[in-house]
>>> print(open('data_23.txt').read())   # compact mmCIF, C-alpha atoms
# COMPACT_ATOMS: atom_id res chain seq x y z
CA MET A 1081 -49.17 36.27 39.77
CA SER A 1082 -49.37 35.38 36.05
CA ARG A 1083 -52.13 36.46 33.76
CA ILE A 1084 -53.61 33.01 33.46
CA SER A 1085 -53.81 32.73 37.22
CA VAL A 1086 -55.64 36.10 37.57
CA ARG A 1087 -58.05 35.22 34.83
CA GLY A 1088 -58.61 31.83 36.29
CA PHE A 1089 -59.46 33.52 39.54
CA ALA A 1090 -61.72 35.92 37.67
CA VAL A 1091 -63.53 33.07 35.98
CA ALA A 1092 -63.97 31.29 39.25
CA SER A 1093 -65.24 34.47 40.90
CA ALA A 1094 -67.65 35.21 38.09
CA THR A 1095 -68.97 31.68 38.22
CA ALA A 1096 -69.43 31.90 41.95
CA VAL A 1097 -71.24 35.22 41.71
CA THR A 1098 -73.51 33.88 39.00
CA THR A 1099 -74.27 30.83 41.06
CA VAL A 1100 -75.06 32.88 44.21
CA GLY A 1101 -77.23 35.21 42.19
CA ALA A 1102 -79.18 32.31 40.81
CA VAL A 1103 -79.73 30.86 44.23
CA VAL A 1104 -80.84 34.20 45.64
CA GLY A 1105 -83.20 34.69 42.74
CA VAL A 1106 -84.81 31.32 43.29
CA ALA A 1107 -85.05 31.91 46.99
CA SER A 1108 -86.74 35.23 46.54
CA GLY A 1109 -89.10 33.81 43.99
CA SER A 1110 -88.13 36.35 41.42
CA GLU A 1111 -87.95 35.51 37.73
CA GLN A 1112 -84.56 35.48 36.05
CA ASP A 1113 -84.06 36.57 32.51
CA PRO A 1114 -82.72 33.59 30.51
CA SER A 1115 -80.65 35.98 28.50
CA ASN A 1116 -78.66 36.78 31.60
CA ASP A 1117 -77.58 33.12 31.84
CA VAL A 1118 -76.54 33.16 28.24
CA GLU A 1119 -74.55 36.34 28.74
CA ALA A 1120 -72.88 34.95 31.82
CA THR A 1121 -71.93 31.73 30.02
CA ALA A 1122 -70.57 33.74 27.09
CA ALA A 1123 -68.57 35.92 29.48
CA ASP A 1124 -67.13 32.82 31.10
CA ALA A 1125 -66.21 31.39 27.72
CA THR A 1126 -64.60 34.67 26.73
CA LEU A 1127 -62.49 34.67 29.89
CA LEU A 1128 -61.40 31.07 29.32
CA ALA A 1129 -60.59 31.69 25.67
CA ASP A 1130 -58.49 34.68 26.56
CA ILE A 1131 -55.69 32.53 28.04
CA PRO A 1132 -52.35 33.87 26.76
CA ALA A 1133 -50.35 31.88 24.13
CA GLY A 1134 -47.33 31.30 26.38
CA GLY A 1135 -48.03 27.60 26.52
CA HIS A 1136 -48.25 27.43 22.73
CA ALA A 1137 -44.99 29.35 22.43
CA GLN A 1138 -43.29 26.84 24.72
CA VAL A 1139 -44.51 23.96 22.54
CA GLN A 1140 -43.31 25.73 19.38
CA THR A 1141 -39.87 26.35 20.95
CA THR A 1142 -39.59 22.70 21.90
CA SER A 1143 -40.53 21.67 18.37
CA LEU A 1144 -37.91 23.98 16.84
CA THR A 1145 -35.26 22.61 19.22
CA GLN A 1146 -36.16 19.08 18.25
CA GLN A 1147 -35.96 20.01 14.57
CA ALA A 1148 -32.56 21.61 15.08
CA ASP A 1149 -31.32 18.52 16.95
CA ALA A 1150 -32.61 16.27 14.18
CA GLN A 1151 -30.92 18.38 11.51
CA SER A 1152 -27.66 18.39 13.50
CA SER A 1153 -27.82 14.61 13.88
CA ALA A 1154 -28.52 14.19 10.17
CA ALA A 1155 -25.58 16.45 9.28
CA ALA A 1156 -23.28 14.52 11.63
CA ALA A 1157 -24.42 11.23 10.14
CA ALA A 1158 -23.85 12.55 6.61
CA THR A 1159 -20.36 13.75 7.55
CA LYS A 1160 -19.53 10.40 9.12
CA GLN A 1161 -20.82 8.54 6.07
CA ALA A 1162 -18.77 10.77 3.76
CA ALA A 1163 -15.65 10.17 5.86
CA GLN A 1164 -16.22 6.41 5.81
CA GLU A 1165 -16.76 6.46 2.06
CA ALA A 1166 -13.55 8.48 1.57
CA ALA A 1167 -11.66 6.03 3.79
CA ARG A 1168 -13.00 3.06 1.81
CA LYS A 1169 -12.05 4.75 -1.45
CA GLN A 1170 -8.54 5.52 -0.21
CA ALA A 1171 -8.11 1.96 1.07
CA ALA A 1172 -9.20 0.61 -2.32
CA GLU A 1173 -6.76 2.92 -4.11
CA ASP A 1174 -3.92 1.91 -1.77
CA ALA A 1175 -4.68 -1.78 -2.29
CA ALA A 1176 -4.73 -1.29 -6.06
CA ALA A 1177 -1.41 0.58 -5.93
CA LYS A 1178 0.18 -2.16 -3.82
CA LYS A 1179 -1.12 -4.81 -6.16
CA GLU A 1180 0.21 -2.95 -9.17
CA ALA A 1181 3.61 -2.51 -7.50
CA ALA A 1182 3.74 -6.21 -6.59
CA GLU A 1183 2.82 -7.23 -10.13
CA LYS A 1184 5.44 -4.87 -11.55
CA ALA A 1185 8.11 -6.26 -9.21
CA ALA A 1186 7.13 -9.82 -10.14
CA ALA A 1187 7.30 -8.95 -13.83
CA GLU A 1188 10.75 -7.41 -13.36
CA ARG A 1189 11.98 -10.49 -11.51
CA ALA A 1190 10.59 -12.74 -14.21
CA ALA A 1191 12.29 -10.62 -16.88
CA LYS A 1192 15.62 -10.82 -15.06
CA GLU A 1193 15.28 -14.55 -14.62
CA ARG A 1194 14.45 -14.92 -18.30
CA GLU A 1195 17.42 -12.76 -19.23
CA ALA A 1196 19.67 -14.89 -17.03
CA GLU A 1197 18.34 -18.06 -18.65
CA LEU A 1198 18.93 -16.65 -22.11
CA ALA A 1199 22.42 -15.56 -21.14
CA ALA A 1200 23.16 -19.00 -19.79
CA SER A 1201 21.79 -20.56 -22.95
CA ARG A 1202 23.86 -18.26 -25.15
CA SER A 1203 26.97 -18.99 -23.11
CA ALA A 1204 26.39 -22.72 -23.49
CA GLU A 1205 26.15 -22.31 -27.25
CA ARG A 1206 29.10 -19.98 -27.59
CA SER A 1207 31.50 -22.01 -25.45
CA THR A 1208 31.66 -24.61 -28.17
CA ASP A 1209 32.41 -22.06 -30.88
CA PHE A 1210 36.07 -21.71 -29.90
CA ALA A 1211 38.69 -24.04 -31.22
CA GLN A 1212 40.73 -25.78 -28.58
CA GLN A 1213 44.25 -24.41 -28.20
CA SER A 1214 47.26 -25.45 -26.19
CA SER A 1215 47.45 -22.00 -24.60
CA TYR A 1216 45.68 -18.66 -24.63
CA THR A 1217 46.77 -15.06 -24.28
CA VAL A 1218 44.95 -12.63 -22.00
CA ALA A 1219 43.57 -10.82 -25.04
CA GLU A 1220 42.19 -14.07 -26.44
CA VAL A 1221 40.58 -14.99 -23.13
CA GLN A 1222 39.02 -11.55 -22.83
CA SER A 1223 37.69 -11.81 -26.37
CA MET A 1224 36.03 -15.11 -25.45
CA ALA A 1225 34.48 -13.52 -22.37
CA ARG A 1226 33.03 -10.62 -24.36
CA GLN A 1227 31.31 -13.03 -26.71
CA ILE A 1228 30.05 -15.37 -23.99
CA VAL A 1229 29.02 -12.84 -21.36
CA GLY A 1230 27.73 -10.10 -23.65
CA ALA A 1231 28.49 -6.40 -23.74
CA GLY A 1232 25.93 -5.41 -21.07
CA GLN A 1233 27.54 -7.51 -18.32
CA PHE A 1234 31.11 -7.86 -19.53
CA GLN A 1235 32.61 -4.98 -17.55
CA CYS A 1236 31.25 -6.33 -14.25
CA PHE A 1237 32.46 -9.82 -15.14
CA SER A 1238 35.85 -8.39 -16.08
CA ASN A 1239 36.15 -6.51 -12.78
CA ILE A 1240 35.70 -9.73 -10.83
CA VAL A 1241 38.16 -11.69 -12.99
CA ASP A 1242 40.70 -8.87 -12.67
CA HIS A 1243 40.60 -9.18 -8.89
CA GLU A 1244 40.33 -12.97 -8.70
CA SER A 1245 42.89 -14.17 -11.25
CA GLY A 1246 44.19 -11.32 -13.39
CA TRP A 1247 42.77 -13.21 -16.42
CA ASN A 1248 45.05 -16.20 -15.81
CA TYR A 1249 42.93 -19.23 -16.58
CA GLN A 1250 45.45 -21.46 -14.82
CA ALA A 1251 45.64 -19.37 -11.63
CA THR A 1252 45.67 -21.49 -8.46
CA ASN A 1253 45.24 -20.31 -4.86
CA PRO A 1254 47.81 -22.33 -2.89
CA SER A 1255 46.00 -21.99 0.41
CA SER A 1256 42.39 -22.64 -0.61
CA GLY A 1257 42.76 -24.55 -3.85
CA ALA A 1258 40.53 -22.14 -5.80
CA TYR A 1259 41.26 -22.41 -9.51
CA GLY A 1260 40.85 -20.62 -12.82
CA LEU A 1261 39.65 -17.26 -14.05
CA VAL A 1262 36.84 -16.91 -11.50
CA GLN A 1263 38.63 -18.88 -8.76
CA ALA A 1264 36.07 -21.64 -8.38
CA LEU A 1265 36.34 -23.36 -5.01
CA PRO A 1266 36.98 -26.15 -5.42
CA GLY A 1267 37.99 -26.01 -9.06
CA THR A 1268 36.25 -29.30 -9.75
CA LYS A 1269 32.91 -27.48 -9.63
CA MET A 1270 33.60 -26.27 -13.15
CA ALA A 1271 33.37 -29.84 -14.43
CA SER A 1272 29.60 -29.22 -14.68
CA ALA A 1273 30.38 -26.90 -17.59
CA GLY A 1274 32.86 -29.18 -19.32
CA ALA A 1275 35.48 -31.85 -18.70
CA ASP A 1276 38.17 -29.53 -20.06
CA TRP A 1277 37.70 -26.99 -17.25
CA ARG A 1278 41.42 -27.00 -16.34
CA THR A 1279 42.67 -25.94 -19.78
CA ASN A 1280 39.76 -24.28 -21.59
CA PRO A 1281 39.04 -20.63 -20.66
CA ALA A 1282 35.70 -20.78 -22.46
CA THR A 1283 34.53 -23.55 -20.14
CA GLN A 1284 35.62 -21.54 -17.10
CA ILE A 1285 33.87 -18.41 -18.38
CA LYS A 1286 30.68 -20.37 -18.99
CA TRP A 1287 30.73 -21.81 -15.50
CA GLY A 1288 31.53 -18.44 -13.91
CA LEU A 1289 28.70 -16.71 -15.77
CA ASN A 1290 26.20 -19.37 -14.74
CA TYR A 1291 27.36 -19.11 -11.12
CA MET A 1292 26.97 -15.32 -11.06
CA ASN A 1293 23.54 -15.48 -12.68
CA ASP A 1294 22.29 -18.18 -10.33
CA ARG A 1295 23.62 -16.64 -7.12
CA TYR A 1296 23.44 -12.89 -7.77
CA GLY A 1297 21.16 -12.50 -10.78
CA SER A 1298 23.91 -11.25 -13.06
CA PRO A 1299 27.66 -10.49 -13.16
CA CYS A 1300 26.86 -6.91 -12.13
CA GLY A 1301 24.96 -8.23 -9.11
CA ALA A 1302 27.99 -10.36 -8.27
CA TRP A 1303 30.28 -7.35 -8.66
CA GLU A 1304 28.16 -5.25 -6.30
CA PHE A 1305 28.42 -7.99 -3.69
CA TRP A 1306 32.16 -8.31 -4.29
CA GLN A 1307 32.70 -4.60 -3.73
CA ALA A 1308 30.89 -4.79 -0.38
CA ASN A 1309 32.59 -7.99 0.83
CA ASN A 1310 35.78 -8.50 -1.23
CA TRP A 1311 34.53 -11.94 -2.23
CA TYR A 1312 31.55 -13.35 -4.04
>>> encode(input="data_23.txt", output="structure tokens")
Amino acid sequence: MSRISVRGFAVASATAVTTVGAVVGVASGSEQDPSNDVEATAADATLLADIPAGGHAQVQTTSLTQQADAQSSAAAAATKQAAQEAARKQAAEDAAAKKEAAEKAAAERAAKEREAELAASRSAERSTDFAQQSSYTVAEVQSMARQIVGAGQFQCFSNIVDHESGWNYQATNPSSGAYGLVQALPGTKMASAGADWRTNPATQIKWGLNYMNDRYGSPCGAWEFWQANNWY
């Protein structure tokens, strides 16, 4: 039996004894000292006040557990919030990087397009700088190409012409009808660059350069495609 139960029994017993004593005293007609009642009441109070603190300890333990749970929940919430904030920050950085990469790629494309336009413009201007001749040597045709195409793209342009016509501006493919330095198919396409497309290498070079720029971005782009497919 626990202490509180024994003391509770003791209090109850003391109260009962006091009550019986009082009744007996009244019945016998004897006088009772009031101080005895006071002492009995004080003794009862002392017994009741002497209840052990086990109940208080249980309350304190529960309170500490609740505090620990609250602190654990707060720490978990703080960790979750930090993780979410880090994820948002990383997502923002990734989006910024993608945007920057897209803008850089767009700028590069625009620069290439501008370069192609300038090259086409230069070729249009230069094609009229050559005096018309009745015939042209390979060296003369190549000299025209260097001036029209430009040094940066000439080698790629030259590689294609080497394979297509061997720098013969009058080369004709008997089976397909392709014609000229760059083997335009049909040859009449080159009329967009000049009516003298059959006899003027400069006109053929101009048309070929414009074709390579429009379709592949540059003569070097056309040459890369040619190497992979043996045509362009």
>>> atom_distance(input="data_23.txt", atom1="CA of Glu1304 in chain A", atom2="CA of Ile1240 in chain A")
9.9 Å
>>> residues_around(input="data_23.txt", residues="Ala1211 in chain A", least_positions_apart="4", cutoff="12 Å", atoms="all atoms listed in the file", output="list in words")
Arg1206, Ser1207, Ser1215, Tyr1216, Glu1220, Met1224, Asn1280, Pro1281, Ala1282 and Thr1283 of chain A
>>> closest_residue(input="data_23.txt", among="A:Ala1225, A:Ala1157, A:Ala1150, A:Ala1190", to="Asn1239 in chain A", atoms="all atoms listed in the file")
A:Ala1225
>>> residues_around(input="data_23.txt", residues="Asp1242 in chain A", least_positions_apart="5", cutoff="10 Å", atoms="only C-alpha atoms", output="list in words")
Cys1236, Phe1237, Trp1247, Asn1248, Leu1261 and Val1262 of chain A
>>> atom_distance(input="data_23.txt", atom1="CA of Val1218 in chain A", atom2="CA of Ala1258 in chain A")
19.3 Å
>>> atom_distance(input="data_23.txt", atom1="CA of Gly1297 in chain A", atom2="CA of Asn1253 in chain A")
26.0 Å
>>> closest_residue(input="data_23.txt", among="A:Gly1267, A:Ser1298, A:Asn1290, A:Gln1307", to="Lys1192 in chain A", atoms="all atoms listed in the file")
A:Ser1298
